[in-house]
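So this one's model.cif, mmCIF, C-alpha atoms:
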```cif
data_structure
loop_
_atom_site.label_atom_id
_atom_site.label_comp_id
_atom_site.auth_asym_id
_atom_site.auth_seq_id
_atom_site.Cartn_x
_atom_site.Cartn_y
_atom_site.Cartn_z
CA MET C 117 0.21 44.97 -28.57
CA HIS C 118 -2.70 42.90 -27.29
CA GLU C 119 -5.48 45.11 -25.89
CA PHE C 120 -5.23 43.47 -22.49
CA GLU C 121 -1.52 44.30 -22.31
CA THR C 122 -2.40 48.00 -22.37
CA TYR C 123 -4.66 47.52 -19.38
CA LEU C 124 -2.09 45.34 -17.65
CA ALA C 125 0.61 48.00 -17.96
CA ALA C 126 -1.77 50.58 -16.49
CA ALA C 127 -2.65 48.27 -13.60
CA GLN C 128 1.03 47.69 -12.87
CA ALA C 129 1.71 51.43 -12.84
CA ALA C 130 -1.25 52.03 -10.51
CA ALA C 131 -0.16 49.22 -8.18
CA ARG C 132 3.37 50.59 -7.91
CA LEU C 133 1.99 54.05 -7.18
CA ALA C 134 -0.26 52.67 -4.43
CA GLY C 135 2.59 50.59 -3.01
CA LYS C 136 4.70 53.71 -2.69
CA VAL C 137 1.86 55.48 -0.91
CA LEU C 138 1.50 52.61 1.56
CA GLU C 139 5.22 52.53 2.34
CA GLU C 140 5.34 56.29 2.85
CA TRP C 141 2.40 56.15 5.25
CA GLY C 142 3.87 53.17 7.06
CA GLU C 143 6.93 55.20 7.99
CA LYS C 144 4.67 57.59 9.91
CA PHE C 145 3.46 54.93 12.34
CA THR C 146 6.31 55.47 14.79
CA VAL C 147 6.47 59.26 14.55
CA SER C 148 2.83 60.33 14.66
CA GLU C 149 0.63 60.96 17.68
CA LYS C 150 -2.23 59.30 15.82
CA GLY C 151 -2.97 55.66 16.43
CA PRO C 152 -2.16 53.04 13.80
CA SER C 153 -5.87 52.50 13.03
CA ASP C 154 -6.24 56.15 12.04
CA LEU C 155 -3.14 56.04 9.91
CA VAL C 156 -4.02 52.80 8.16
CA THR C 157 -7.41 54.20 7.15
CA GLU C 158 -5.75 57.28 5.70
CA ALA C 159 -3.14 55.12 3.96
CA ASP C 160 -5.84 52.87 2.51
CA VAL C 161 -7.88 55.79 1.21
CA ALA C 162 -4.84 57.60 -0.18
CA ALA C 163 -3.65 54.47 -2.01
CA GLN C 164 -7.09 53.85 -3.51
CA ARG C 165 -7.34 57.48 -4.59
CA GLY C 166 -4.02 57.18 -6.39
CA ILE C 167 -5.14 54.01 -8.19
CA PHE C 168 -8.46 55.53 -9.19
CA ASP C 169 -6.99 58.78 -10.41
CA LEU C 170 -4.47 57.00 -12.63
CA LEU C 171 -6.85 54.42 -14.08
CA HIS C 172 -9.85 56.72 -14.43
CA GLY C 173 -7.62 59.27 -16.12
CA ARG C 174 -6.61 56.70 -18.75
CA PHE C 175 -9.96 54.89 -19.05
CA PRO C 176 -12.73 57.35 -18.15
CA SER C 177 -15.54 55.11 -19.40
CA HIS C 178 -14.62 52.18 -17.12
CA GLY C 179 -16.47 51.27 -13.94
CA PHE C 180 -14.80 50.87 -10.54
CA LEU C 181 -15.36 48.84 -7.38
CA GLY C 182 -13.01 49.33 -4.45
CA GLU C 183 -12.80 48.33 -0.81
CA GLU C 184 -12.78 51.90 0.50
CA GLY C 185 -16.30 52.86 -0.57
CA LEU C 186 -15.58 53.07 -4.29
CA ASN C 187 -18.53 51.97 -6.44
CA ARG C 188 -18.72 53.85 -9.70
CA ALA C 189 -20.70 52.65 -12.71
CA GLY C 190 -19.02 53.06 -16.08
CA ASN C 191 -20.20 53.43 -19.65
CA SER C 192 -18.43 50.32 -20.92
CA GLU C 193 -18.21 46.58 -20.24
CA PHE C 194 -15.03 47.08 -18.20
CA ARG C 195 -14.88 47.28 -14.39
CA TRP C 196 -11.78 47.64 -12.22
CA VAL C 197 -11.92 45.78 -8.89
CA ILE C 198 -9.46 47.26 -6.40
CA ASP C 199 -8.07 46.48 -2.97
CA PRO C 200 -5.53 49.20 -2.18
CA LEU C 201 -4.33 47.34 0.93
CA ASP C 202 -4.91 43.64 1.36
CA GLY C 203 -3.50 42.49 4.69
CA THR C 204 -4.45 45.44 6.87
CA SER C 205 -3.57 43.85 10.22
CA ASN C 206 -0.18 42.82 8.90
CA TYR C 207 0.40 46.35 7.64
CA VAL C 208 -0.52 47.90 10.99
CA HIS C 209 2.02 45.68 12.74
CA ARG C 210 4.60 46.20 9.97
CA PHE C 211 4.55 42.46 9.31
CA PRO C 212 5.68 42.23 5.66
CA TYR C 213 2.80 40.28 4.15
CA TYR C 214 0.43 42.75 2.52
CA CYS C 215 -0.15 43.98 -1.00
CA VAL C 216 -2.04 46.04 -3.55
CA SER C 217 -4.54 44.08 -5.66
CA ILE C 218 -6.05 45.33 -8.93
CA GLY C 219 -8.27 43.25 -11.20
CA LEU C 220 -10.13 44.12 -14.40
CA GLU C 221 -13.37 42.53 -15.59
CA TRP C 222 -14.74 42.65 -19.13
CA ASN C 223 -18.37 41.58 -19.34
CA ARG C 224 -17.91 40.05 -15.86
CA GLU C 225 -14.97 37.95 -17.02
CA LEU C 226 -11.60 38.54 -15.35
CA VAL C 227 -9.09 39.68 -17.97
CA VAL C 228 -6.30 41.45 -16.05
CA GLY C 229 -4.89 40.91 -12.58
CA VAL C 230 -2.02 42.48 -10.67
CA VAL C 231 -0.87 41.78 -7.11
CA PHE C 232 2.02 43.96 -5.94
CA ASP C 233 4.01 43.35 -2.75
CA PRO C 234 5.85 46.62 -2.02
CA THR C 235 7.94 45.07 0.77
CA ARG C 236 9.65 42.69 -1.69
CA ASN C 237 9.12 44.66 -4.89
CA GLU C 238 7.30 41.64 -6.33
CA MET C 239 4.81 42.27 -9.14
CA PHE C 240 2.57 39.31 -9.91
CA SER C 241 0.75 39.91 -13.20
CA ALA C 242 -1.67 38.13 -15.51
CA ALA C 243 -3.76 38.87 -18.58
CA LYS C 244 -6.38 36.61 -20.11
CA GLY C 245 -4.74 34.15 -22.48
CA LEU C 246 -1.25 35.55 -21.90
CA GLY C 247 -0.14 33.61 -18.83
CA ALA C 248 1.07 34.82 -15.44
CA THR C 249 4.39 36.32 -14.39
CA LEU C 250 6.39 37.45 -11.38
CA ASN C 251 8.56 40.46 -12.23
CA ASP C 252 8.16 39.55 -15.93
CA LYS C 253 9.25 35.92 -15.49
CA ARG C 254 6.70 33.20 -16.20
CA ILE C 255 5.27 31.45 -13.14
CA ARG C 256 3.57 28.09 -12.69
CA PRO C 257 2.08 26.26 -9.70
CA SER C 258 3.92 23.51 -7.84
CA ARG C 259 3.66 19.83 -8.81
CA PHE C 260 2.84 18.29 -5.42
CA SER C 261 -0.18 16.13 -6.11
CA SER C 262 -1.39 15.06 -2.67
CA LEU C 263 -2.57 16.99 0.34
CA SER C 264 -0.07 15.17 2.57
CA GLN C 265 2.74 16.87 0.60
CA ALA C 266 1.09 20.28 0.54
CA LEU C 267 1.58 23.62 2.24
CA VAL C 268 -1.89 25.16 2.33
CA ILE C 269 -3.30 28.35 3.77
CA ALA C 270 -6.67 29.68 4.92
CA SER C 271 -8.48 32.94 5.65
CA PHE C 272 -10.81 33.39 8.61
CA PRO C 273 -13.65 35.89 8.97
CA PRO C 274 -13.28 38.72 11.49
CA ALA C 275 -13.98 37.74 15.10
CA ALA C 276 -13.82 34.01 14.37
CA THR C 277 -14.38 31.83 17.43
CA CYS C 278 -13.37 28.26 18.24
CA ASP C 279 -16.72 26.93 17.03
CA SER C 280 -16.85 29.03 13.84
CA PRO C 281 -17.29 26.91 10.69
CA ALA C 282 -14.11 28.43 9.25
CA VAL C 283 -12.10 27.28 12.26
CA GLN C 284 -13.66 23.83 12.11
CA ARG C 285 -12.69 23.52 8.44
CA PHE C 286 -9.15 24.61 9.31
CA MET C 287 -8.94 21.92 11.99
CA ARG C 288 -10.17 19.24 9.56
CA ILE C 289 -7.35 20.06 7.14
CA LEU C 290 -4.66 20.39 9.82
CA PRO C 291 -3.87 16.66 10.22
CA LYS C 292 -4.19 15.96 6.49
CA ALA C 293 -1.74 18.52 5.05
CA GLN C 294 2.01 18.78 5.49
CA ALA C 295 1.47 22.27 6.93
CA VAL C 296 -1.46 24.68 7.32
CA HIS C 297 -0.99 28.43 7.73
CA ARG C 298 -3.08 31.57 8.13
CA SER C 299 -1.48 34.67 6.67
CA GLY C 300 -3.88 37.62 6.57
CA SER C 301 -3.65 38.50 2.86
CA ALA C 302 -5.92 36.63 0.46
CA ALA C 303 -4.50 38.29 -2.64
CA LEU C 304 -0.92 37.33 -1.78
CA ASN C 305 -2.07 33.80 -0.93
CA LEU C 306 -3.49 33.48 -4.44
CA ALA C 307 -0.32 34.90 -5.97
CA TYR C 308 1.70 32.36 -4.00
CA VAL C 309 -0.46 29.48 -5.24
CA ALA C 310 0.06 30.74 -8.79
CA SER C 311 3.84 30.90 -8.33
CA GLY C 312 4.28 27.54 -6.61
CA ARG C 313 5.00 28.80 -3.10
CA LEU C 314 1.75 27.33 -1.78
CA GLU C 315 -0.29 24.34 -2.97
CA GLY C 316 -3.70 25.57 -1.87
CA PHE C 317 -5.76 28.38 -0.34
CA TRP C 318 -9.39 28.56 0.73
CA SER C 319 -11.79 31.01 2.32
CA THR C 320 -15.53 31.57 2.68
CA SER C 321 -15.32 35.19 3.85
CA LEU C 322 -13.81 37.11 0.93
CA LYS C 323 -15.01 40.16 -0.99
CA PRO C 324 -14.69 40.65 -4.77
CA TRP C 325 -11.62 42.88 -4.37
CA ASP C 326 -9.87 40.16 -2.34
CA MET C 327 -10.25 37.65 -5.17
CA ALA C 328 -10.36 39.37 -8.54
CA ALA C 329 -6.68 39.81 -9.39
CA GLY C 330 -5.42 36.68 -7.66
CA ALA C 331 -8.04 34.40 -9.20
CA LEU C 332 -6.81 35.27 -12.69
CA LEU C 333 -3.20 34.77 -11.61
CA VAL C 334 -3.99 31.21 -10.53
CA THR C 335 -5.83 30.20 -13.69
CA GLU C 336 -3.37 31.86 -16.07
CA ALA C 337 -0.46 30.20 -14.26
CA GLY C 338 -2.10 26.81 -14.77
CA GLY C 339 -3.75 26.26 -11.41
CA ARG C 340 -7.38 25.64 -10.59
CA ILE C 341 -9.90 27.82 -8.81
CA THR C 342 -13.45 26.98 -7.71
CA ARG C 343 -15.64 27.41 -4.69
CA THR C 344 -14.90 25.14 -1.73
CA THR C 345 -17.77 22.95 -2.96
CA GLY C 346 -16.10 22.50 -6.34
CA GLN C 347 -18.61 24.75 -8.12
CA ALA C 348 -17.50 27.47 -10.52
CA LEU C 349 -16.00 30.56 -8.89
CA ASP C 350 -18.06 33.75 -8.73
CA ILE C 351 -16.21 36.67 -7.16
CA GLU C 352 -19.54 38.06 -5.93
CA VAL C 353 -19.87 34.95 -3.72
CA SER C 354 -17.64 34.72 -0.63
CA ASP C 355 -16.37 31.22 -1.32
CA LEU C 356 -13.05 30.29 -2.92
CA LEU C 357 -10.66 27.37 -3.25
CA ALA C 358 -7.45 27.76 -5.24
CA THR C 359 -4.89 25.02 -5.81
CA ASN C 360 -2.12 23.95 -8.14
CA GLY C 361 -4.77 22.04 -10.09
CA LEU C 362 -3.65 18.52 -9.25
CA GLY C 363 -5.32 15.77 -7.21
CA LEU C 364 -5.20 17.67 -3.95
CA HIS C 365 -7.96 19.97 -5.24
CA GLU C 366 -10.48 17.15 -4.92
CA GLU C 367 -8.97 16.15 -1.59
CA LEU C 368 -9.54 19.66 -0.28
CA VAL C 369 -13.09 19.87 -1.66
CA SER C 370 -13.91 16.59 0.09
CA ALA C 371 -12.35 17.64 3.40
CA LEU C 372 -13.78 21.15 3.38
CA THR C 373 -17.33 19.98 2.67
CA ASP C 374 -17.23 17.05 5.09
CA THR C 375 -19.86 17.70 7.76
CA VAL C 376 -18.99 14.68 9.89
#
```
Taking this structure as input, can you express it in the form of structure tokens?
Amino acid sequence: MHEFETYLAAAQAAARLAGKVLEEWGEKFTVSEKGPSDLVTEADVAAQRGIFDLLHGRFPSHGFLGEEGLNRAGNSEFRWVIDPLDGTSNYVHRFPYYCVSIGLEWNRELVVGVVFDPTRNEMFSAAKGLGATLNDKRIRPSRFSSLSQALVIASFPPAATCDSPAVQRFMRILPKAQAVHRSGSAALNLAYVASGRLEGFWSTSLKPWDMAAGALLVTEAGGRITRTTGQALDIEVSDLLATNGLGLHEELVSALTDTV
């Protein structure tokens, strides 16, 4: 077995565990006197704890970075990058577009990525050099080559206003694409680009845990991922553009960086 496959299997197990935690907590929303915001914080923390306990138990020398205050240096070149709940607002409203995202870096290179949607039991998985899958079946991006044929999606920063740059970029793309959406889960957006359900996704307000797993899914599936400027992706920089890798990538770069 390839070394990365061992890590991939562990990531899948951790993601399923966290997904179960999220679904169990979600059932409490209608029966508890607590508000949804209290419950979602507890669900988030509980899911991250489950992921950490499983992965740290198997790989005690690895480092960890997680959305819920997890920042633990390791004694090896490996670092897990974790979002136990990507799509928090959707989760609070029980809108079924949220997921668990787990990525693994080796010497700062992404080598394993898992995005798990517990509402559909969909496990998107990738390992460096081994391709990308959905529930163990190989996935590839779509073949639409122009923006006019494309379904694309964007993320906005919190408290975005009408004159926010992110909203202005969204409005520039709106008349150029076949359809433009905003979903609330960056990791699932990336998984959908990788699997051909979307042609493109961009954001300039992401954190490393939003991008890590999904970025590898896109590249291993055969798509393309850069910053919105076309520069190389760095998950420590809040700037990402993912596409199916065809001509519309350049179209999006041009439109997103147009200041006119």
Point to revise | Residue nearest Thr235 in chain C among C:Pro281, C:Gly135, C:Pro291, C:Pro200 (counting all atoms listed in the file) | key: C:Gly135
**Study point:** Expansion of the PyMOL selection byres ((chain C and resi 301-309) around 8) into residues, as a VMD selection string
**Key:** chain C and resid 202 to 203 213 to 215 217 231 233 240 257 to 258 269 271 299 to 300 310 to 317 322 326 to 327 329 to 331 333 to 334 339 358 to 360
Just C-alpha atoms for this one: save the residues we selected as a short mmCIF file (atom, residue, chain, number, x, y, z; two decimals), in the coordinates of the input.
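Generated output (out.cif):
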```cif
data_model
loop_
_atom_site.label_atom_id
_atom_site.label_comp_id
_atom_site.auth_asym_id
_atom_site.auth_seq_id
_atom_site.Cartn_x
_atom_site.Cartn_y
_atom_site.Cartn_z
CA ASP C 202 -4.91 43.64 1.36
CA GLY C 203 -3.50 42.49 4.69
CA TYR C 213 2.80 40.28 4.15
CA TYR C 214 0.43 42.75 2.52
CA CYS C 215 -0.15 43.98 -1.00
CA SER C 217 -4.54 44.08 -5.66
CA VAL C 231 -0.87 41.78 -7.11
CA ASP C 233 4.01 43.35 -2.75
CA PHE C 240 2.57 39.31 -9.91
CA PRO C 257 2.08 26.26 -9.70
CA SER C 258 3.92 23.51 -7.84
CA ILE C 269 -3.30 28.35 3.77
CA SER C 271 -8.48 32.94 5.65
CA SER C 299 -1.48 34.67 6.67
CA GLY C 300 -3.88 37.62 6.57
CA ALA C 310 0.06 30.74 -8.79
CA SER C 311 3.84 30.90 -8.33
CA GLY C 312 4.28 27.54 -6.61
CA ARG C 313 5.00 28.80 -3.10
CA LEU C 314 1.75 27.33 -1.78
CA GLU C 315 -0.29 24.34 -2.97
CA GLY C 316 -3.70 25.57 -1.87
CA PHE C 317 -5.76 28.38 -0.34
CA LEU C 322 -13.81 37.11 0.93
CA ASP C 326 -9.87 40.16 -2.34
CA MET C 327 -10.25 37.65 -5.17
CA ALA C 329 -6.68 39.81 -9.39
CA GLY C 330 -5.42 36.68 -7.66
CA ALA C 331 -8.04 34.40 -9.20
CA LEU C 333 -3.20 34.77 -11.61
CA VAL C 334 -3.99 31.21 -10.53
CA GLY C 339 -3.75 26.26 -11.41
CA ALA C 358 -7.45 27.76 -5.24
CA THR C 359 -4.89 25.02 -5.81
CA ASN C 360 -2.12 23.95 -8.14
#
```
Review point. So what does the PyMOL selection byres ((chain C and resi 365) around 9) actually pick up in this one, as number ranges by chain?
Key: C: 261-263, 316, 340-341, 346, 357-364, 366-370
Revision key, fill the gap. From the list C:Leu186, C:Ala131, C:Leu201, C:Leu267, the nearest residue to Glu238 in chain C using all atoms listed in the file is C:Ala131
Practice item. Write out as an MDAnalysis selection string which residues come within 10 Å of Phe180 in chain C when counting only C-alpha atoms, dropping same-chain ones fewer than 2 positions away. Key: chainID C and resid 168 171:172 177:178 182 186:190 194:198 220:221
Exercise for review: Go through C:Thr204, C:Gln294, C:Asn191, C:Thr122 one by one, measure the shortest atom-to-atom distance of each to Phe260 in chain C using all atoms listed in the file, and give the residue with the smallest value.
Suggested key: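 When distances to Phe260 in chain C are compared using all atoms listed in the file, the smallest one comes from C:Gln294.
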**Study point:** Residue among C:Ser205, C:Ser321, C:Ser264, C:Ser241 lying closest to Glu352 in chain C, counting only C-alpha atoms
**Key:**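 Of C:Ser205, C:Ser321, C:Ser264, C:Ser241, the one nearest Glu352 in chain C is C:Ser321, counting only C-alpha atoms.
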